[in-house]
Every structure is written in C-alpha cells, then in structure tokens.
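Have a look at query-v2.csv below; it lists CSV, C-alpha atoms.
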chain,number,residue,atom,x,y,z
A,1,MET,CA,1.2,-21.2,24.0
A,2,ASP,CA,-1.2,-22.9,21.5
A,3,VAL,CA,-3.6,-20.0,21.8
A,4,PHE,CA,-0.7,-17.6,21.2
A,5,HIS,CA,0.3,-19.3,18.0
A,6,ALA,CA,-3.3,-19.6,16.8
A,7,LEU,CA,-3.8,-15.9,17.3
A,8,HIS,CA,-0.6,-15.2,15.5
A,9,PHE,CA,-1.7,-17.3,12.5
A,10,LEU,CA,-5.2,-15.9,12.5
A,11,PHE,CA,-4.0,-12.3,12.3
A,12,GLY,CA,-1.6,-13.3,9.5
A,13,ILE,CA,-4.6,-14.8,7.6
A,14,PHE,CA,-6.6,-11.6,8.1
A,15,GLY,CA,-3.7,-9.5,7.1
A,16,ASN,CA,-3.4,-11.6,3.8
A,17,ALA,CA,-7.1,-11.0,3.1
A,18,THR,CA,-7.1,-7.3,3.7
A,19,GLY,CA,-3.7,-6.9,1.9
A,20,LEU,CA,-5.1,-8.6,-1.1
A,21,PHE,CA,-8.0,-6.2,-1.2
A,22,LEU,CA,-5.6,-3.3,-1.3
A,23,PHE,CA,-3.5,-4.8,-4.0
A,24,LEU,CA,-6.6,-5.5,-6.2
A,25,ALA,CA,-8.2,-2.0,-5.5
A,26,PRO,CA,-6.6,-0.3,-8.6
A,27,CYS,CA,-8.3,-2.7,-10.9
A,28,GLU,CA,-11.7,-1.3,-10.1
A,29,VAL,CA,-11.4,2.2,-11.5
A,30,THR,CA,-7.9,3.3,-12.4
A,31,PHE,CA,-6.8,0.6,-14.8
A,32,ARG,CA,-10.2,0.1,-16.3
A,33,ARG,CA,-10.2,3.8,-17.1
A,34,ILE,CA,-6.6,3.7,-18.4
A,35,ILE,CA,-7.3,0.8,-20.6
A,36,ARG,CA,-10.5,2.3,-21.9
A,37,ASN,CA,-8.9,5.6,-22.7
A,38,LYS,CA,-5.6,4.1,-23.8
A,39,SER,CA,-3.8,6.8,-21.8
A,40,THR,CA,-2.3,7.1,-18.3
A,41,GLU,CA,-3.7,10.7,-18.2
A,42,GLN,CA,-2.9,12.3,-14.8
A,43,PHE,CA,-2.0,9.0,-13.1
A,44,SER,CA,1.5,8.7,-11.7
A,45,GLY,CA,3.5,5.5,-11.9
A,46,ILE,CA,5.7,6.3,-8.9
A,47,PRO,CA,3.4,4.9,-6.1
A,48,TYR,CA,2.9,1.6,-8.0
A,49,ASN,CA,6.7,1.2,-8.3
A,50,MET,CA,7.1,2.0,-4.6
A,51,THR,CA,4.5,-0.6,-3.8
A,52,LEU,CA,6.2,-3.2,-6.1
A,53,LEU,CA,9.5,-2.5,-4.4
A,54,ASN,CA,7.9,-2.9,-1.0
A,55,CYS,CA,6.3,-6.2,-2.0
A,56,LEU,CA,9.6,-7.6,-3.4
A,57,LEU,CA,11.6,-6.6,-0.3
A,58,SER,CA,8.9,-7.8,2.2
A,59,ALA,CA,8.5,-11.1,0.3
A,60,TRP,CA,12.3,-11.5,0.4
A,61,TYR,CA,12.4,-10.8,4.1
A,62,GLY,CA,9.7,-13.4,4.7
A,63,LEU,CA,11.6,-16.2,3.0
A,64,PRO,CA,12.8,-19.0,5.4
A,65,PHE,CA,16.6,-18.4,4.9
A,66,VAL,CA,16.1,-14.7,5.8
A,67,SER,CA,13.4,-14.7,8.4
A,68,PRO,CA,12.0,-18.2,9.5
A,69,ASN,CA,8.4,-18.9,10.2
A,70,ASN,CA,7.1,-16.0,8.1
A,71,MET,CA,5.3,-17.9,5.3
A,72,LEU,CA,2.2,-15.6,5.5
A,73,VAL,CA,4.5,-12.6,4.9
A,74,TYR,CA,6.1,-13.8,1.7
A,75,THR,CA,2.8,-15.3,0.3
A,76,ILE,CA,0.9,-12.0,0.3
A,77,ASN,CA,3.8,-9.9,-0.7
A,78,GLY,CA,4.7,-12.3,-3.5
A,79,THR,CA,1.1,-12.1,-4.7
A,80,GLY,CA,1.3,-8.3,-4.5
A,81,ALA,CA,4.5,-8.2,-6.5
A,82,VAL,CA,2.9,-10.3,-9.2
A,83,LEU,CA,-0.2,-8.0,-9.3
A,84,GLU,CA,1.9,-4.8,-9.4
A,85,THR,CA,3.9,-6.2,-12.3
A,86,VAL,CA,0.7,-7.0,-14.2
A,87,TYR,CA,-0.5,-3.4,-13.5
A,88,ARG,CA,2.7,-2.1,-15.1
A,89,ALA,CA,2.2,-4.3,-18.2
A,90,LYS,CA,-1.4,-3.0,-18.6
A,91,ALA,CA,-0.8,0.6,-17.9
A,92,ARG,CA,2.7,0.7,-19.5
A,93,MET,CA,4.1,2.5,-16.4
A,94,LEU,CA,7.7,1.3,-16.9
A,95,GLY,CA,9.7,4.4,-16.2
A,96,LEU,CA,10.9,3.5,-12.7
A,97,LEU,CA,10.8,-0.3,-13.1
A,98,LEU,CA,14.6,-0.5,-13.7
A,99,LEU,CA,15.3,1.4,-10.5
A,100,VAL,CA,13.0,-0.9,-8.6
A,101,VAL,CA,14.7,-4.0,-9.9
A,102,SER,CA,18.1,-2.5,-9.3
A,103,VAL,CA,17.4,-1.7,-5.6
A,104,PHE,CA,15.8,-5.1,-5.0
A,105,ALA,CA,18.7,-7.0,-6.7
A,106,THR,CA,21.2,-5.0,-4.7
A,107,VAL,CA,19.5,-5.9,-1.4
A,108,ALA,CA,19.0,-9.5,-2.4
A,109,LEU,CA,22.6,-10.0,-3.6
A,110,VAL,CA,24.2,-8.3,-0.6
A,111,SER,CA,22.0,-10.3,1.8
A,112,VAL,CA,22.9,-13.6,0.2
A,113,LEU,CA,26.6,-13.0,-0.6
A,114,ALA,CA,27.8,-10.9,2.2
A,115,LEU,CA,25.5,-11.5,5.2
A,116,HIS,CA,24.4,-14.4,7.3
A,117,GLY,CA,22.0,-15.2,10.1
A,118,GLN,CA,20.9,-12.3,12.2
A,119,LYS,CA,22.8,-9.7,10.2
A,120,ARG,CA,21.0,-10.8,7.0
A,121,LYS,CA,17.6,-10.6,8.8
A,122,LEU,CA,18.5,-7.1,10.2
A,123,PHE,CA,19.6,-5.8,6.8
A,124,CYS,CA,16.6,-7.1,4.8
A,125,GLY,CA,14.2,-6.2,7.6
A,126,CYS,CA,15.4,-2.6,7.7
A,127,ALA,CA,15.1,-2.3,3.9
A,128,ALA,CA,11.6,-3.7,3.9
A,129,THR,CA,10.6,-1.4,6.8
A,130,ILE,CA,11.7,1.7,5.0
A,131,PHE,CA,9.7,1.0,1.9
A,132,SER,CA,6.7,-0.3,3.8
A,133,ILE,CA,6.5,3.1,5.5
A,134,CYS,CA,6.9,4.9,2.2
A,135,MET,CA,4.0,2.9,0.7
A,136,TYR,CA,1.8,3.6,3.7
A,137,ALA,CA,2.7,7.3,3.5
A,138,SER,CA,1.3,7.6,0.0
A,139,PRO,CA,-2.1,8.9,1.1
A,140,LEU,CA,-0.7,11.7,3.3
A,141,SER,CA,-1.0,14.3,0.5
A,142,VAL,CA,-4.6,13.1,-0.1
A,143,MET,CA,-5.4,13.6,3.6
A,144,ARG,CA,-4.0,17.1,3.3
A,145,LEU,CA,-6.2,17.7,0.3
A,146,VAL,CA,-9.3,16.5,2.2
A,147,ILE,CA,-8.6,19.0,5.0
A,148,ARG,CA,-8.0,21.8,2.5
A,149,THR,CA,-11.1,21.1,0.3
A,150,ARG,CA,-13.3,19.7,3.1
A,151,SER,CA,-14.3,17.0,0.7
A,152,VAL,CA,-13.6,13.2,0.8
A,153,GLU,CA,-14.0,12.8,-3.0
A,154,PHE,CA,-10.5,11.5,-3.4
A,155,MET,CA,-10.4,9.4,-0.3
A,156,PRO,CA,-12.8,6.5,-0.7
A,157,PHE,CA,-14.2,5.0,2.5
A,158,LEU,CA,-13.6,1.4,1.7
A,159,LEU,CA,-9.9,2.0,0.8
A,160,SER,CA,-9.4,3.9,4.1
A,161,LEU,CA,-11.0,1.2,6.0
A,162,PHE,CA,-8.9,-1.6,4.5
A,163,VAL,CA,-5.7,0.5,5.0
A,164,PHE,CA,-6.6,0.5,8.7
A,165,LEU,CA,-7.6,-3.1,8.8
A,166,CYS,CA,-4.5,-4.3,6.9
A,167,GLY,CA,-2.1,-2.2,9.0
A,168,THR,CA,-3.8,-3.3,12.2
A,169,SER,CA,-3.7,-7.0,11.3
A,170,TRP,CA,0.0,-7.0,10.5
A,171,PHE,CA,0.9,-4.7,13.4
A,172,VAL,CA,-0.7,-7.3,15.8
A,173,PHE,CA,0.9,-10.1,13.8
A,174,GLY,CA,4.3,-8.4,14.3
A,175,LEU,CA,3.8,-7.9,18.0
A,176,LEU,CA,2.7,-11.5,18.6
A,177,GLY,CA,5.7,-12.7,16.6
A,178,ARG,CA,8.0,-10.2,18.3
A,179,ASP,CA,9.1,-9.0,14.9
A,180,PRO,CA,9.7,-5.2,14.9
A,181,PHE,CA,10.3,-5.2,11.1
A,182,ILE,CA,6.6,-6.2,10.7
A,183,ALA,CA,5.2,-4.4,13.7
A,184,VAL,CA,6.8,-0.9,13.2
A,185,PRO,CA,5.8,-0.1,9.5
A,186,ASN,CA,2.3,-1.6,10.0
A,187,GLY,CA,1.8,0.3,13.2
A,188,PHE,CA,2.5,3.4,11.1
A,189,GLY,CA,-0.1,2.1,8.6
A,190,CYS,CA,-2.6,1.4,11.3
A,191,GLY,CA,-2.3,5.0,12.6
A,192,LEU,CA,-2.6,6.5,9.1
A,193,GLY,CA,-5.6,4.4,8.4
A,194,ALA,CA,-7.3,5.5,11.6
A,195,MET,CA,-6.6,9.2,10.8
A,196,GLN,CA,-8.2,8.7,7.3
A,197,LEU,CA,-11.3,7.2,8.9
A,198,VAL,CA,-11.5,10.1,11.3
A,199,LEU,CA,-11.2,12.6,8.4
A,200,TYR,CA,-13.9,10.7,6.5
A,201,ALA,CA,-16.2,10.9,9.5
A,202,ILE,CA,-15.6,14.6,9.8
A,203,TYR,CA,-16.0,15.6,6.2
A,204,ARG,CA,-18.2,12.9,4.6
A,205,ASN,CA,-21.4,15.1,5.1
A,206,SER,CA,-19.7,18.4,4.2
A,207,GLU,CA,-21.1,20.6,1.5
A,208,ALA,CA,-18.1,20.0,-0.7
A,209,SER,CA,-18.5,16.2,-0.5
A,210,ARG,CA,-22.2,16.3,-1.2
A,211,GLY,CA,-21.6,18.7,-4.1
A,212,GLN,CA,-19.1,16.3,-5.7
A,213,LYS,CA,-21.4,13.4,-5.3
A,214,ASP,CA,-24.3,15.3,-6.9
A,215,GLY,CA,-22.0,16.5,-9.7
A,216,ASN,CA,-20.3,13.3,-10.8
A,217,GLY,CA,-21.9,10.5,-8.9
A,218,GLY,CA,-18.9,10.1,-6.7
A,219,LYS,CA,-17.0,8.1,-9.3
A,220,ASP,CA,-14.0,10.3,-9.8
A,221,GLY,CA,-12.3,9.2,-6.6
A,222,GLY,CA,-10.5,6.4,-8.5
A,223,ALA,CA,-7.6,4.3,-7.4
A,224,LEU,CA,-4.0,5.5,-7.5
A,225,GLU,CA,-2.0,4.0,-4.8
A,226,MET,CA,-4.2,1.9,-2.5
A,227,GLY,CA,-7.1,3.5,-4.3
A,228,TYR,CA,-6.2,7.2,-4.4
A,229,GLU,CA,-6.2,9.3,-7.6
A,230,LYS,CA,-4.6,12.6,-8.3
A,231,PRO,CA,-7.3,15.2,-8.4
A,232,ARG,CA,-7.7,17.2,-11.6
A,233,LEU,CA,-7.6,21.0,-11.9
A,234,ALA,CA,-10.1,22.8,-14.0
A,235,ASN,CA,-7.8,22.8,-17.0
A,236,GLY,CA,-7.3,19.0,-16.9
A,237,GLY,CA,-3.9,19.1,-15.2
A,238,ALA,CA,-2.9,17.1,-12.1
A,239,GLN,CA,-2.7,18.9,-8.8
A,240,ASN,CA,0.8,18.7,-7.4
A,241,GLY,CA,1.4,16.3,-4.6
A,242,ALA,CA,-2.0,14.7,-4.4
A,243,GLY,CA,-1.7,11.0,-4.0
A,244,GLY,CA,1.9,10.2,-4.8
A,245,ALA,CA,4.5,8.5,-2.6
A,246,ALA,CA,7.8,10.0,-1.9
A,247,PRO,CA,10.5,8.5,-4.2

What is this structure when it is put down as structure tokens?
Amino acid sequence: MDVFHALHFLFGIFGNATGLFLFLAPCEVTFRRIIRNKSTEQFSGIPYNMTLLNCLLSAWYGLPFVSPNNMLVYTINGTGAVLETVYRAKARMLGLLLLVVSVFATVALVSVLALHGQKRKLFCGCAATIFSICMYASPLSVMRLVIRTRSVEFMPFLLSLFVFLCGTSWFVFGLLGRDPFIAVPNGFGCGLGAMQLVLYAIYRNSEASRGQKDGNGGKDGGALEMGYEKPRLANGGAQNGAGGAAP
C-alpha cells in the first residue's frame, strides 16, 4: 500500500511539472511577440479563456471540501489560473473573461449552497472534466492542418511531447487514485498527445516542413493554446479553425 501511495504521489508531482511547462509555454513566443508589436494580430483569446476556466474548475474540484486528498490537483491548476490571468492582463484579451468568471461562479455557488458530499464532488467533477477535454481538444484543428499541408510548422515538437507527458501523468494519477474525473479527460489528452507525436514523426522531414524551416528559421510556429498559433494566409489573415478551442 505504501508503494501504491508513493506512485500516486510521484505521478502527481510529474504531472505538476509537465503541466507547469504547458502553462508557461505561451510566454516564449506568443506574448513576447504581442507585447513587442503592441497588437494581438491573428491570435485568438478563446483558447486562453477556455484554459483559464478549466484551471479554475479543476482547482475547485481539487479543494478538500469538494474532493479530499487532491492537493496536487488544486496546486497546479491554481498556478495555471494565475498565469492565465496574467496572460490576459498582458495581451488585453478580455472579451470572454466575464463569461469565464460567470460559469465558474455558478458552478462554485451551486456546489457550495445546494450540494453536499458525493453530489458536490460529482457536479464539480463533471464540470471540470468537460472543460478539461475542451482544453485538450484545442490542437485538433492544428493536427488537421498538419495532415493537409504535410508540414509541422505550427505543431512544435516540445509542446506535443509535453501534452503527451502531462496527459499521461494525470491519467495514471487518476487511475491510481480511482478518480474518473481526473483519469478520463487526461486519458483523452494522453491519446491526443500521442497522435501529435505520431504526426510529427511522419511529417517532420517532409518537403513542406523543411521548406518552412529554410524560409523562416522555424520560428513562426508560436504558442497559442499550449503552444499553437493560428497560421497566416498570404494576405496576413488568420486561417479559419487553426488552433482554437471549441467555445
């Protein structure tokens, strides 16, 4: 039993480390570029708001009066919520913030005032699961773009790797803790991360990928949600559906 608890704790620690990398990823390219140009250009604020809502709901679910023994869950998601709020302040992406706060406040108030015990855990867990899956689903359109263009320009390897590692860590954590509200969405993330790595292995040496690297140094694949940027068309516009999360 001691080994079981030790593994549970270790996978939670690893999940915190990989999750922190994903939350910090947009600092590297996206926000440095937005701040430098003083414009949000083609970057969408929707995925960031989806991630903020996911972090808030997951942190709430991890609190002791909702789901006991989940300290590692609320620490990393609380940290993620703070970082996402800072991103909004820097990039001035405030359009959907009111909706995010409203949804979170509704879930929090209903869970505290109307529900208790297992019903509270079930309600908060379902809400957190739905938005965790939405967050992990953000790169689906980028994966479709990779297949269509045969180029990995907009799907950086390290981000794909850490999506896989983060999803896998929390998936195992959820299984060991017998918590479906953690295991299910992160199992989904683990599968998507694995698919991204497979696509990267297939297309990383393609002509299109080599051409993009030769043309721009491979630096345009900036961070949108978990490191994915909307690709630009020749006229400077944003290609529809590339890199956003479903609202």

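The gap separating CA of Ile76 in chain A from CA of Ala183 in chain A is 16.0 Å, in Å to one decimal.
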
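Between CA of Gln118 in chain A and CA of Ala59 in chain A the separation is 17.2 Å.
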
Contacts of range 64-71 of chain A within 6 Å, all atoms listed in the file, excl. fewer than 3 positions in-chain, as a PyMOL selection string: chain A and resi 61+74+121

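Counting from CA of Lys119 in chain A, the distance to CA of Arg178 in chain A is 16.9 Å.
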
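Residues lying within 8 Å of Ser132 in chain A, counting all atoms listed in the file and ignoring same-chain neighbours fewer than 2 positions away, are Thr51, Asn54, Ser58, Ala128, Thr129, Ile130, Cys134, Met135, Tyr136, Pro185 and Asn186 of chain A.
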
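At a cut-off of 12 Å from (-8.7, -7.9, 1.8), the residue set is Gly12, Ile13, Phe14, Gly15, Asn16, Ala17, Thr18, Gly19, Leu20, Phe21, Leu22, Phe23, Leu24, Ala25, Ile76, Gly80, Leu158, Leu159, Leu161, Phe162, Val163, Phe164, Leu165, Cys166, Gly167, Ser169 and Met226 of chain A (counting all atoms listed in the file).
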
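Shortest atom-to-atom contact with Thr168 in chain A among A:Glu153, A:Arg148, A:Gly193, A:Phe131: A:Gly193, counting only C-alpha atoms.
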
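Shortest separation to Val100 in chain A among A:Gly125, A:Leu56, A:Ala137, A:Val82 occurs at residue A:Leu56, atoms counted being only C-alpha atoms.
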
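Considering only C-alpha atoms, the residue among A:Leu113, A:Glu84, A:Thr149, A:Val172 positioned nearest to Leu10 in chain A is A:Val172.
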
Selection: 12 Å around Thr106 in chain A, all atoms listed in the file, excl. self and same-chain fewer than 4 positions, as a PyMOL selection string: chain A and resi 53+56-57+99-102+110-114+123-124+127

Who sits within 12 Å of Arg144 in chain A, all atoms listed in the file, same chain under 3 positions skipped, as an MDAnalysis selection string: chainID A and resid 137:141 147:152 154:155 195:196 199 240:243
